[in-house]
>>> print(open('input.pdb').read())   # PDB, N, CA and C atoms, pLDDT in the B column
ATOM      1  N   MET A  29     -35.097  -3.576 252.406  1.00 64.00           N
ATOM      2  CA  MET A  29     -35.302  -2.160 252.627  1.00 64.00           C
ATOM      3  C   MET A  29     -35.667  -1.897 254.083  1.00 64.00           C
ATOM      4  N   GLY A  30     -36.442  -2.791 254.674  1.00 70.00           N
ATOM      5  CA  GLY A  30     -36.895  -2.592 256.047  1.00 70.00           C
ATOM      6  C   GLY A  30     -35.763  -2.513 257.049  1.00 70.00           C
ATOM      7  N   GLU A  31     -34.802  -3.411 256.930  1.00 64.00           N
ATOM      8  CA  GLU A  31     -33.697  -3.417 257.886  1.00 64.00           C
ATOM      9  C   GLU A  31     -32.819  -2.184 257.714  1.00 64.00           C
ATOM     10  N   LEU A  32     -32.600  -1.755 256.480  1.00 64.00           N
ATOM     11  CA  LEU A  32     -31.825  -0.546 256.240  1.00 64.00           C
ATOM     12  C   LEU A  32     -32.550   0.665 256.829  1.00 64.00           C
ATOM     13  N   ALA A  33     -33.854   0.716 256.632  1.00 67.00           N
ATOM     14  CA  ALA A  33     -34.637   1.823 257.177  1.00 67.00           C
ATOM     15  C   ALA A  33     -34.565   1.829 258.707  1.00 67.00           C
ATOM     16  N   LYS A  34     -34.604   0.653 259.334  1.00 68.00           N
ATOM     17  CA  LYS A  34     -34.488   0.576 260.797  1.00 68.00           C
ATOM     18  C   LYS A  34     -33.158   1.145 261.267  1.00 68.00           C
ATOM     19  N   GLU A  35     -32.101   0.814 260.556  1.00 65.00           N
ATOM     20  CA  GLU A  35     -30.780   1.300 260.944  1.00 65.00           C
ATOM     21  C   GLU A  35     -30.696   2.823 260.817  1.00 65.00           C
ATOM     22  N   VAL A  36     -31.277   3.364 259.755  1.00 67.00           N
ATOM     23  CA  VAL A  36     -31.276   4.819 259.588  1.00 67.00           C
ATOM     24  C   VAL A  36     -32.100   5.462 260.697  1.00 67.00           C
ATOM     25  N   ARG A  37     -33.239   4.848 261.029  1.00 70.00           N
ATOM     26  CA  ARG A  37     -34.073   5.385 262.105  1.00 70.00           C
ATOM     27  C   ARG A  37     -33.305   5.402 263.421  1.00 70.00           C
ATOM     28  N   LYS A  38     -32.563   4.318 263.711  1.00 70.00           N
ATOM     29  CA  LYS A  38     -31.767   4.273 264.947  1.00 70.00           C
ATOM     30  C   LYS A  38     -30.667   5.322 264.908  1.00 70.00           C
ATOM     31  N   LEU A  39     -29.988   5.417 263.780  1.00 70.00           N
ATOM     32  CA  LEU A  39     -28.886   6.358 263.632  1.00 70.00           C
ATOM     33  C   LEU A  39     -29.355   7.798 263.840  1.00 70.00           C
ATOM     34  N   ARG A  40     -30.492   8.120 263.257  1.00 71.00           N
ATOM     35  CA  ARG A  40     -31.014   9.486 263.328  1.00 71.00           C
ATOM     36  C   ARG A  40     -31.931   9.702 264.531  1.00 71.00           C
ATOM     37  N   LYS A  41     -32.129   8.645 265.338  1.00 73.00           N
ATOM     38  CA  LYS A  41     -32.983   8.707 266.527  1.00 73.00           C
ATOM     39  C   LYS A  41     -34.407   9.156 266.198  1.00 73.00           C
ATOM     40  N   TYR A  42     -34.956   8.629 265.102  1.00 72.00           N
ATOM     41  CA  TYR A  42     -36.332   8.918 264.728  1.00 72.00           C
ATOM     42  C   TYR A  42     -37.274   8.218 265.690  1.00 72.00           C
ATOM     43  N   LYS A  43     -38.414   8.824 265.899  1.00 70.00           N
ATOM     44  CA  LYS A  43     -39.418   8.246 266.788  1.00 70.00           C
ATOM     45  C   LYS A  43     -40.175   7.133 266.072  1.00 70.00           C
ATOM     46  N   ILE A  44     -40.728   6.210 266.860  1.00 67.00           N
ATOM     47  CA  ILE A  44     -41.556   5.143 266.306  1.00 67.00           C
ATOM     48  C   ILE A  44     -42.955   5.246 266.898  1.00 67.00           C
ATOM     49  N   ASP A  45     -43.915   4.697 266.220  1.00 67.00           N
ATOM     50  CA  ASP A  45     -45.311   4.707 266.659  1.00 67.00           C
ATOM     51  C   ASP A  45     -45.506   3.610 267.691  1.00 67.00           C
ATOM     52  N   ILE A  46     -45.673   3.981 268.974  1.00 67.00           N
ATOM     53  CA  ILE A  46     -45.817   2.969 270.025  1.00 67.00           C
ATOM     54  C   ILE A  46     -47.199   2.330 270.012  1.00 67.00           C
ATOM     55  N   ASN A  47     -48.137   2.906 269.297  1.00 68.00           N
ATOM     56  CA  ASN A  47     -49.493   2.361 269.234  1.00 68.00           C
ATOM     57  C   ASN A  47     -49.711   1.459 268.023  1.00 68.00           C
ATOM     58  N   LYS A  48     -48.680   1.226 267.230  1.00 63.00           N
ATOM     59  CA  LYS A  48     -48.812   0.415 266.028  1.00 63.00           C
ATOM     60  C   LYS A  48     -49.176  -1.018 266.409  1.00 63.00           C
ATOM     61  N   LYS A  49     -50.175  -1.535 265.764  1.00 58.00           N
ATOM     62  CA  LYS A  49     -50.584  -2.913 266.000  1.00 58.00           C
ATOM     63  C   LYS A  49     -49.811  -3.830 265.072  1.00 58.00           C
ATOM     64  N   GLU A  50     -49.251  -4.878 265.612  1.00 54.00           N
ATOM     65  CA  GLU A  50     -48.448  -5.803 264.815  1.00 54.00           C
ATOM     66  C   GLU A  50     -49.279  -6.549 263.777  1.00 54.00           C
ATOM     67  N   ASN A  51     -50.523  -6.848 264.065  1.00 45.00           N
ATOM     68  CA  ASN A  51     -51.344  -7.656 263.166  1.00 45.00           C
ATOM     69  C   ASN A  51     -52.364  -6.830 262.390  1.00 45.00           C
ATOM     70  N   ARG A  52     -52.048  -5.580 262.134  1.00 49.00           N
ATOM     71  CA  ARG A  52     -53.010  -4.747 261.407  1.00 49.00           C
ATOM     72  C   ARG A  52     -53.095  -5.175 259.946  1.00 49.00           C
ATOM     73  N   GLU A  53     -54.216  -4.865 259.348  1.00 51.00           N
ATOM     74  CA  GLU A  53     -54.417  -5.203 257.940  1.00 51.00           C
ATOM     75  C   GLU A  53     -53.416  -4.435 257.082  1.00 51.00           C
ATOM     76  N   LEU A  54     -52.889  -5.099 256.073  1.00 57.00           N
ATOM     77  CA  LEU A  54     -51.887  -4.490 255.207  1.00 57.00           C
ATOM     78  C   LEU A  54     -52.480  -3.327 254.421  1.00 57.00           C
ATOM     79  N   ASP A  55     -51.842  -2.196 254.515  1.00 67.00           N
ATOM     80  CA  ASP A  55     -52.232  -1.022 253.757  1.00 67.00           C
ATOM     81  C   ASP A  55     -51.130  -0.779 252.742  1.00 67.00           C
ATOM     82  N   LEU A  56     -51.260  -1.399 251.570  1.00 73.00           N
ATOM     83  CA  LEU A  56     -50.204  -1.381 250.566  1.00 73.00           C
ATOM     84  C   LEU A  56     -49.817   0.037 250.163  1.00 73.00           C
ATOM     85  N   GLU A  57     -50.799   0.868 249.920  1.00 79.00           N
ATOM     86  CA  GLU A  57     -50.506   2.238 249.512  1.00 79.00           C
ATOM     87  C   GLU A  57     -49.703   2.963 250.590  1.00 79.00           C
ATOM     88  N   GLY A  58     -50.107   2.807 251.822  1.00 79.00           N
ATOM     89  CA  GLY A  58     -49.413   3.438 252.933  1.00 79.00           C
ATOM     90  C   GLY A  58     -48.006   2.892 253.116  1.00 79.00           C
ATOM     91  N   GLU A  59     -47.850   1.587 252.942  1.00 77.00           N
ATOM     92  CA  GLU A  59     -46.525   0.971 253.088  1.00 77.00           C
ATOM     93  C   GLU A  59     -45.575   1.447 251.994  1.00 77.00           C
ATOM     94  N   ILE A  60     -46.086   1.568 250.772  1.00 81.00           N
ATOM     95  CA  ILE A  60     -45.251   2.067 249.681  1.00 81.00           C
ATOM     96  C   ILE A  60     -44.859   3.518 249.955  1.00 81.00           C
ATOM     97  N   ALA A  61     -45.791   4.308 250.456  1.00 85.00           N
ATOM     98  CA  ALA A  61     -45.479   5.695 250.808  1.00 85.00           C
ATOM     99  C   ALA A  61     -44.410   5.734 251.895  1.00 85.00           C
ATOM    100  N   ASP A  62     -44.506   4.850 252.888  1.00 85.00           N
ATOM    101  CA  ASP A  62     -43.485   4.784 253.942  1.00 85.00           C
ATOM    102  C   ASP A  62     -42.112   4.479 253.365  1.00 85.00           C
ATOM    103  N   ILE A  63     -42.050   3.534 252.444  1.00 87.00           N
ATOM    104  CA  ILE A  63     -40.776   3.181 251.818  1.00 87.00           C
ATOM    105  C   ILE A  63     -40.203   4.387 251.083  1.00 87.00           C
ATOM    106  N   PHE A  64     -41.060   5.112 250.387  1.00 92.00           N
ATOM    107  CA  PHE A  64     -40.604   6.302 249.659  1.00 92.00           C
ATOM    108  C   PHE A  64     -40.067   7.358 250.626  1.00 92.00           C
ATOM    109  N   ILE A  65     -40.773   7.560 251.731  1.00 93.00           N
ATOM    110  CA  ILE A  65     -40.328   8.523 252.744  1.00 93.00           C
ATOM    111  C   ILE A  65     -38.974   8.114 253.304  1.00 93.00           C
ATOM    112  N   TYR A  66     -38.823   6.829 253.648  1.00 89.00           N
ATOM    113  CA  TYR A  66     -37.543   6.342 254.176  1.00 89.00           C
ATOM    114  C   TYR A  66     -36.437   6.488 253.135  1.00 89.00           C
ATOM    115  N   LEU A  67     -36.746   6.184 251.887  1.00 93.00           N
ATOM    116  CA  LEU A  67     -35.764   6.304 250.815  1.00 93.00           C
ATOM    117  C   LEU A  67     -35.275   7.743 250.686  1.00 93.00           C
ATOM    118  N   LEU A  68     -36.199   8.685 250.682  1.00 95.00           N
ATOM    119  CA  LEU A  68     -35.813  10.092 250.599  1.00 95.00           C
ATOM    120  C   LEU A  68     -34.978  10.502 251.806  1.00 95.00           C
ATOM    121  N   SER A  69     -35.346  10.008 252.974  1.00 93.00           N
ATOM    122  CA  SER A  69     -34.590  10.313 254.190  1.00 93.00           C
ATOM    123  C   SER A  69     -33.176   9.752 254.113  1.00 93.00           C
ATOM    124  N   MET A  70     -33.040   8.502 253.643  1.00 93.00           N
ATOM    125  CA  MET A  70     -31.714   7.892 253.518  1.00 93.00           C
ATOM    126  C   MET A  70     -30.864   8.652 252.507  1.00 93.00           C
ATOM    127  N   CYS A  71     -31.475   9.113 251.439  1.00 95.00           N
ATOM    128  CA  CYS A  71     -30.742   9.897 250.445  1.00 95.00           C
ATOM    129  C   CYS A  71     -30.269  11.209 251.051  1.00 95.00           C
ATOM    130  N   ARG A  72     -31.126  11.835 251.837  1.00 94.00           N
ATOM    131  CA  ARG A  72     -30.745  13.103 252.462  1.00 94.00           C
ATOM    132  C   ARG A  72     -29.598  12.884 253.448  1.00 94.00           C
ATOM    133  N   VAL A  73     -29.708  11.875 254.296  1.00 93.00           N
ATOM    134  CA  VAL A  73     -28.693  11.590 255.307  1.00 93.00           C
ATOM    135  C   VAL A  73     -27.353  11.232 254.674  1.00 93.00           C
ATOM    136  N   THR A  74     -27.385  10.529 253.545  1.00 94.00           N
ATOM    137  CA  THR A  74     -26.150  10.076 252.902  1.00 94.00           C
ATOM    138  C   THR A  74     -25.719  10.985 251.754  1.00 94.00           C
ATOM    139  N   ASN A  75     -26.452  12.082 251.566  1.00 96.00           N
ATOM    140  CA  ASN A  75     -26.140  13.066 250.533  1.00 96.00           C
ATOM    141  C   ASN A  75     -26.122  12.442 249.127  1.00 96.00           C
ATOM    142  N   ILE A  76     -27.113  11.603 248.856  1.00 96.00           N
ATOM    143  CA  ILE A  76     -27.260  10.978 247.537  1.00 96.00           C
ATOM    144  C   ILE A  76     -28.371  11.691 246.775  1.00 96.00           C
ATOM    145  N   ASN A  77     -28.073  12.093 245.552  1.00 97.00           N
ATOM    146  CA  ASN A  77     -29.070  12.703 244.683  1.00 97.00           C
ATOM    147  C   ASN A  77     -29.854  11.556 244.040  1.00 97.00           C
ATOM    148  N   LEU A  78     -31.082  11.365 244.485  1.00 96.00           N
ATOM    149  CA  LEU A  78     -31.881  10.230 244.042  1.00 96.00           C
ATOM    150  C   LEU A  78     -32.133  10.265 242.539  1.00 96.00           C
ATOM    151  N   LEU A  79     -32.410  11.421 241.989  1.00 97.00           N
ATOM    152  CA  LEU A  79     -32.670  11.517 240.556  1.00 97.00           C
ATOM    153  C   LEU A  79     -31.434  11.114 239.755  1.00 97.00           C
ATOM    154  N   GLU A  80     -30.265  11.602 240.161  1.00 98.00           N
ATOM    155  CA  GLU A  80     -29.032  11.240 239.459  1.00 98.00           C
ATOM    156  C   GLU A  80     -28.721   9.756 239.615  1.00 98.00           C
ATOM    157  N   ALA A  81     -28.925   9.221 240.815  1.00 96.00           N
ATOM    158  CA  ALA A  81     -28.688   7.795 241.046  1.00 96.00           C
ATOM    159  C   ALA A  81     -29.608   6.962 240.160  1.00 96.00           C
ATOM    160  N   PHE A  82     -30.870   7.383 240.063  1.00 96.00           N
ATOM    161  CA  PHE A  82     -31.837   6.685 239.215  1.00 96.00           C
ATOM    162  C   PHE A  82     -31.408   6.712 237.749  1.00 96.00           C
ATOM    163  N   LYS A  83     -31.032   7.892 237.273  1.00 97.00           N
ATOM    164  CA  LYS A  83     -30.607   8.025 235.869  1.00 97.00           C
ATOM    165  C   LYS A  83     -29.396   7.141 235.577  1.00 97.00           C
ATOM    166  N   ASN A  84     -28.411   7.165 236.478  1.00 97.00           N
ATOM    167  CA  ASN A  84     -27.210   6.346 236.291  1.00 97.00           C
ATOM    168  C   ASN A  84     -27.539   4.863 236.263  1.00 97.00           C
ATOM    169  N   LYS A  85     -28.411   4.434 237.156  1.00 94.00           N
ATOM    170  CA  LYS A  85     -28.781   3.013 237.219  1.00 94.00           C
ATOM    171  C   LYS A  85     -29.571   2.612 235.977  1.00 94.00           C
ATOM    172  N   GLU A  86     -30.478   3.458 235.536  1.00 96.00           N
ATOM    173  CA  GLU A  86     -31.253   3.162 234.329  1.00 96.00           C
ATOM    174  C   GLU A  86     -30.347   3.046 233.114  1.00 96.00           C
ATOM    175  N   GLU A  87     -29.353   3.908 233.036  1.00 95.00           N
ATOM    176  CA  GLU A  87     -28.407   3.858 231.922  1.00 95.00           C
ATOM    177  C   GLU A  87     -27.672   2.512 231.929  1.00 95.00           C
ATOM    178  N   LYS A  88     -27.224   2.082 233.098  1.00 94.00           N
ATOM    179  CA  LYS A  88     -26.550   0.783 233.206  1.00 94.00           C
ATOM    180  C   LYS A  88     -27.498  -0.362 232.857  1.00 94.00           C
ATOM    181  N   ASN A  89     -28.733  -0.282 233.369  1.00 92.00           N
ATOM    182  CA  ASN A  89     -29.698  -1.350 233.108  1.00 92.00           C
ATOM    183  C   ASN A  89     -30.050  -1.465 231.632  1.00 92.00           C
ATOM    184  N   CYS A  90     -30.104  -0.338 230.936  1.00 93.00           N
ATOM    185  CA  CYS A  90     -30.422  -0.361 229.504  1.00 93.00           C
ATOM    186  C   CYS A  90     -29.336  -1.065 228.690  1.00 93.00           C
ATOM    187  N   LYS A  91     -28.115  -1.064 229.197  1.00 92.00           N
ATOM    188  CA  LYS A  91     -27.008  -1.712 228.507  1.00 92.00           C
ATOM    189  C   LYS A  91     -26.869  -3.192 228.852  1.00 92.00           C
ATOM    190  N   ARG A  92     -27.606  -3.627 229.871  1.00 89.00           N
ATOM    191  CA  ARG A  92     -27.533  -5.019 230.291  1.00 89.00           C
ATOM    192  C   ARG A  92     -28.309  -5.912 229.349  1.00 89.00           C
ATOM    193  N   GLU A  93     -27.880  -7.157 229.289  1.00 88.00           N
ATOM    194  CA  GLU A  93     -28.601  -8.137 228.489  1.00 88.00           C
ATOM    195  C   GLU A  93     -29.451  -8.968 229.453  1.00 88.00           C
ATOM    196  N   TRP A  94     -30.767  -8.882 229.307  1.00 79.00           N
ATOM    197  CA  TRP A  94     -31.700  -9.542 230.220  1.00 79.00           C
ATOM    198  C   TRP A  94     -32.146 -10.878 229.628  1.00 79.00           C
ATOM    199  N   LYS A  95     -32.271 -11.879 230.472  1.00 81.00           N
ATOM    200  CA  LYS A  95     -32.720 -13.200 230.034  1.00 81.00           C
ATOM    201  C   LYS A  95     -34.192 -13.373 230.273  1.00 81.00           C
TER     202      LYS A  95
END
>>> encode(input="input.pdb", output="structure tokens")
Amino acid sequence: MGELAKEVRKLRKYKIDINKKENRELDLEGEIADIFIYLLSMCRVTNINLLEAFKNKEEKNCKREWK
């Protein structure tokens, strides 16, 4: 997800935080929120309806045989 998000950021010329510390303590809640924000942005840029994509994928997954 990270590399895809980087590519979208480059494509859309989004700004980055120049003060971000590389070795900062992991903030799981914040990182998950960031992923969600990037996901919504990628859906908007690519004109993907996230709810419909989710429903379609869940329907396929329900029909799969899991080991």
>>> atom_distance(input="input.pdb", atom1="atom N of Lys85 in chain A", atom2="atom N of Arg40 in chain A")
26.4 Å
>>> atom_distance(input="input.pdb", atom1="atom C of Glu93 in chain A", atom2="CA of Ala81 in chain A")
20.4 Å
>>> atom_distance(input="input.pdb", atom1="CA of Gly58 in chain A", atom2="CA of Tyr42 in chain A")
18.4 Å
>>> residues_around(input="input.pdb", residues="Thr74 in chain A", least_positions_apart="4", cutoff="12 Å", atoms="only C-alpha atoms", output="JSON, numbers by chain")
{"A": [36, 39, 40, 67, 68, 69, 70, 78]}
>>> decode(input="input.pdb", residues="range 77-89 of chain A", atoms="all heavy atoms", output="mmCIF file, in the first residue's frame")
data_model
loop_
_atom_site.group_PDB
_atom_site.id
_atom_site.type_symbol
_atom_site.label_atom_id
_atom_site.label_comp_id
_atom_site.auth_asym_id
_atom_site.auth_seq_id
_atom_site.Cartn_x
_atom_site.Cartn_y
_atom_site.Cartn_z
ATOM 1 N N ASN A 77 -15.655 3.538 -6.917
ATOM 2 C CA ASN A 77 -16.611 3.609 -5.820
ATOM 3 C C ASN A 77 -16.187 2.554 -4.797
ATOM 4 O O ASN A 77 -16.367 1.358 -5.021
ATOM 5 C CB ASN A 77 -18.022 3.338 -6.338
ATOM 6 C CG ASN A 77 -19.071 3.417 -5.250
ATOM 7 O OD1 ASN A 77 -18.885 2.926 -4.136
ATOM 8 N ND2 ASN A 77 -20.193 4.029 -5.582
ATOM 9 N N LEU A 78 -15.633 3.005 -3.686
ATOM 10 C CA LEU A 78 -15.075 2.096 -2.693
ATOM 11 C C LEU A 78 -16.135 1.165 -2.116
ATOM 12 O O LEU A 78 -15.886 -0.028 -1.948
ATOM 13 C CB LEU A 78 -14.390 2.874 -1.577
ATOM 14 C CG LEU A 78 -13.702 2.059 -0.502
ATOM 15 C CD1 LEU A 78 -12.655 1.125 -1.096
ATOM 16 C CD2 LEU A 78 -13.082 2.983 0.539
ATOM 17 N N LEU A 79 -17.314 1.668 -1.846
ATOM 18 C CA LEU A 79 -18.367 0.829 -1.284
ATOM 19 C C LEU A 79 -18.753 -0.281 -2.260
ATOM 20 O O LEU A 79 -18.881 -1.443 -1.866
ATOM 21 C CB LEU A 79 -19.589 1.662 -0.902
ATOM 22 C CG LEU A 79 -20.754 0.895 -0.289
ATOM 23 C CD1 LEU A 79 -20.316 0.134 0.963
ATOM 24 C CD2 LEU A 79 -21.900 1.846 0.031
ATOM 25 N N GLU A 80 -18.912 0.064 -3.535
ATOM 26 C CA GLU A 80 -19.256 -0.949 -4.535
ATOM 27 C C GLU A 80 -18.126 -1.956 -4.715
ATOM 28 O O GLU A 80 -18.366 -3.151 -4.845
ATOM 29 C CB GLU A 80 -19.614 -0.293 -5.867
ATOM 30 C CG GLU A 80 -20.947 0.427 -5.855
ATOM 31 C CD GLU A 80 -22.105 -0.471 -5.462
ATOM 32 O OE1 GLU A 80 -22.220 -1.592 -6.004
ATOM 33 O OE2 GLU A 80 -22.911 -0.050 -4.606
ATOM 34 N N ALA A 81 -16.887 -1.474 -4.729
ATOM 35 C CA ALA A 81 -15.739 -2.372 -4.861
ATOM 36 C C ALA A 81 -15.695 -3.340 -3.684
ATOM 37 O O ALA A 81 -15.436 -4.535 -3.851
ATOM 38 C CB ALA A 81 -14.447 -1.571 -4.951
ATOM 39 N N PHE A 82 -15.952 -2.817 -2.484
ATOM 40 C CA PHE A 82 -15.973 -3.655 -1.283
ATOM 41 C C PHE A 82 -17.060 -4.725 -1.374
ATOM 42 O O PHE A 82 -16.819 -5.902 -1.108
ATOM 43 C CB PHE A 82 -16.177 -2.779 -0.046
ATOM 44 C CG PHE A 82 -16.379 -3.577 1.211
ATOM 45 C CD1 PHE A 82 -15.302 -4.170 1.844
ATOM 46 C CD2 PHE A 82 -17.643 -3.740 1.746
ATOM 47 C CE1 PHE A 82 -15.486 -4.916 3.003
ATOM 48 C CE2 PHE A 82 -17.838 -4.483 2.906
ATOM 49 C CZ PHE A 82 -16.755 -5.067 3.528
ATOM 50 N N LYS A 83 -18.259 -4.306 -1.755
ATOM 51 C CA LYS A 83 -19.377 -5.259 -1.867
ATOM 52 C C LYS A 83 -19.062 -6.356 -2.883
ATOM 53 O O LYS A 83 -19.314 -7.537 -2.628
ATOM 54 C CB LYS A 83 -20.662 -4.533 -2.274
ATOM 55 C CG LYS A 83 -21.269 -3.688 -1.189
ATOM 56 C CD LYS A 83 -22.501 -2.970 -1.743
ATOM 57 C CE LYS A 83 -23.121 -2.036 -0.754
ATOM 58 N NZ LYS A 83 -24.285 -1.331 -1.337
ATOM 59 N N ASN A 84 -18.531 -5.960 -4.040
ATOM 60 C CA ASN A 84 -18.188 -6.938 -5.076
ATOM 61 C C ASN A 84 -17.133 -7.920 -4.595
ATOM 62 O O ASN A 84 -17.235 -9.129 -4.829
ATOM 63 C CB ASN A 84 -17.713 -6.234 -6.351
ATOM 64 C CG ASN A 84 -18.817 -5.475 -7.032
ATOM 65 O OD1 ASN A 84 -20.001 -5.751 -6.845
ATOM 66 N ND2 ASN A 84 -18.441 -4.487 -7.818
ATOM 67 N N LYS A 85 -16.126 -7.416 -3.906
ATOM 68 C CA LYS A 85 -15.048 -8.284 -3.412
ATOM 69 C C LYS A 85 -15.570 -9.219 -2.326
ATOM 70 O O LYS A 85 -15.206 -10.407 -2.288
ATOM 71 C CB LYS A 85 -13.887 -7.434 -2.894
ATOM 72 C CG LYS A 85 -12.696 -8.224 -2.467
ATOM 73 C CD LYS A 85 -12.110 -9.012 -3.626
ATOM 74 C CE LYS A 85 -10.855 -9.736 -3.176
ATOM 75 N NZ LYS A 85 -10.300 -10.588 -4.214
ATOM 76 N N GLU A 86 -16.399 -8.714 -1.438
ATOM 77 C CA GLU A 86 -16.972 -9.556 -0.385
ATOM 78 C C GLU A 86 -17.823 -10.667 -0.979
ATOM 79 O O GLU A 86 -17.791 -11.802 -0.504
ATOM 80 C CB GLU A 86 -17.805 -8.715 0.586
ATOM 81 C CG GLU A 86 -16.987 -8.019 1.639
ATOM 82 C CD GLU A 86 -16.306 -9.006 2.567
ATOM 83 O OE1 GLU A 86 -16.966 -9.620 3.403
ATOM 84 O OE2 GLU A 86 -15.073 -9.150 2.446
ATOM 85 N N GLU A 87 -18.572 -10.345 -2.016
ATOM 86 C CA GLU A 87 -19.402 -11.352 -2.678
ATOM 87 C C GLU A 87 -18.510 -12.461 -3.250
ATOM 88 O O GLU A 87 -18.811 -13.650 -3.096
ATOM 89 C CB GLU A 87 -20.220 -10.706 -3.793
ATOM 90 C CG GLU A 87 -21.203 -11.639 -4.448
ATOM 91 C CD GLU A 87 -22.039 -10.945 -5.508
ATOM 92 O OE1 GLU A 87 -22.425 -9.786 -5.302
ATOM 93 O OE2 GLU A 87 -22.287 -11.585 -6.551
ATOM 94 N N LYS A 88 -17.423 -12.077 -3.901
ATOM 95 C CA LYS A 88 -16.488 -13.071 -4.441
ATOM 96 C C LYS A 88 -15.844 -13.889 -3.324
ATOM 97 O O LYS A 88 -15.706 -15.104 -3.425
ATOM 98 C CB LYS A 88 -15.398 -12.388 -5.263
ATOM 99 C CG LYS A 88 -15.878 -11.848 -6.576
ATOM 100 C CD LYS A 88 -14.749 -11.141 -7.306
ATOM 101 C CE LYS A 88 -15.244 -10.510 -8.581
ATOM 102 N NZ LYS A 88 -14.185 -9.755 -9.267
ATOM 103 N N ASN A 89 -15.435 -13.201 -2.251
ATOM 104 C CA ASN A 89 -14.781 -13.902 -1.145
ATOM 105 C C ASN A 89 -15.708 -14.896 -0.461
ATOM 106 O O ASN A 89 -15.271 -15.959 -0.020
ATOM 107 C CB ASN A 89 -14.245 -12.897 -0.114
ATOM 108 C CG ASN A 89 -12.988 -12.210 -0.576
ATOM 109 O OD1 ASN A 89 -12.317 -12.660 -1.508
ATOM 110 N ND2 ASN A 89 -12.664 -11.104 0.062
#
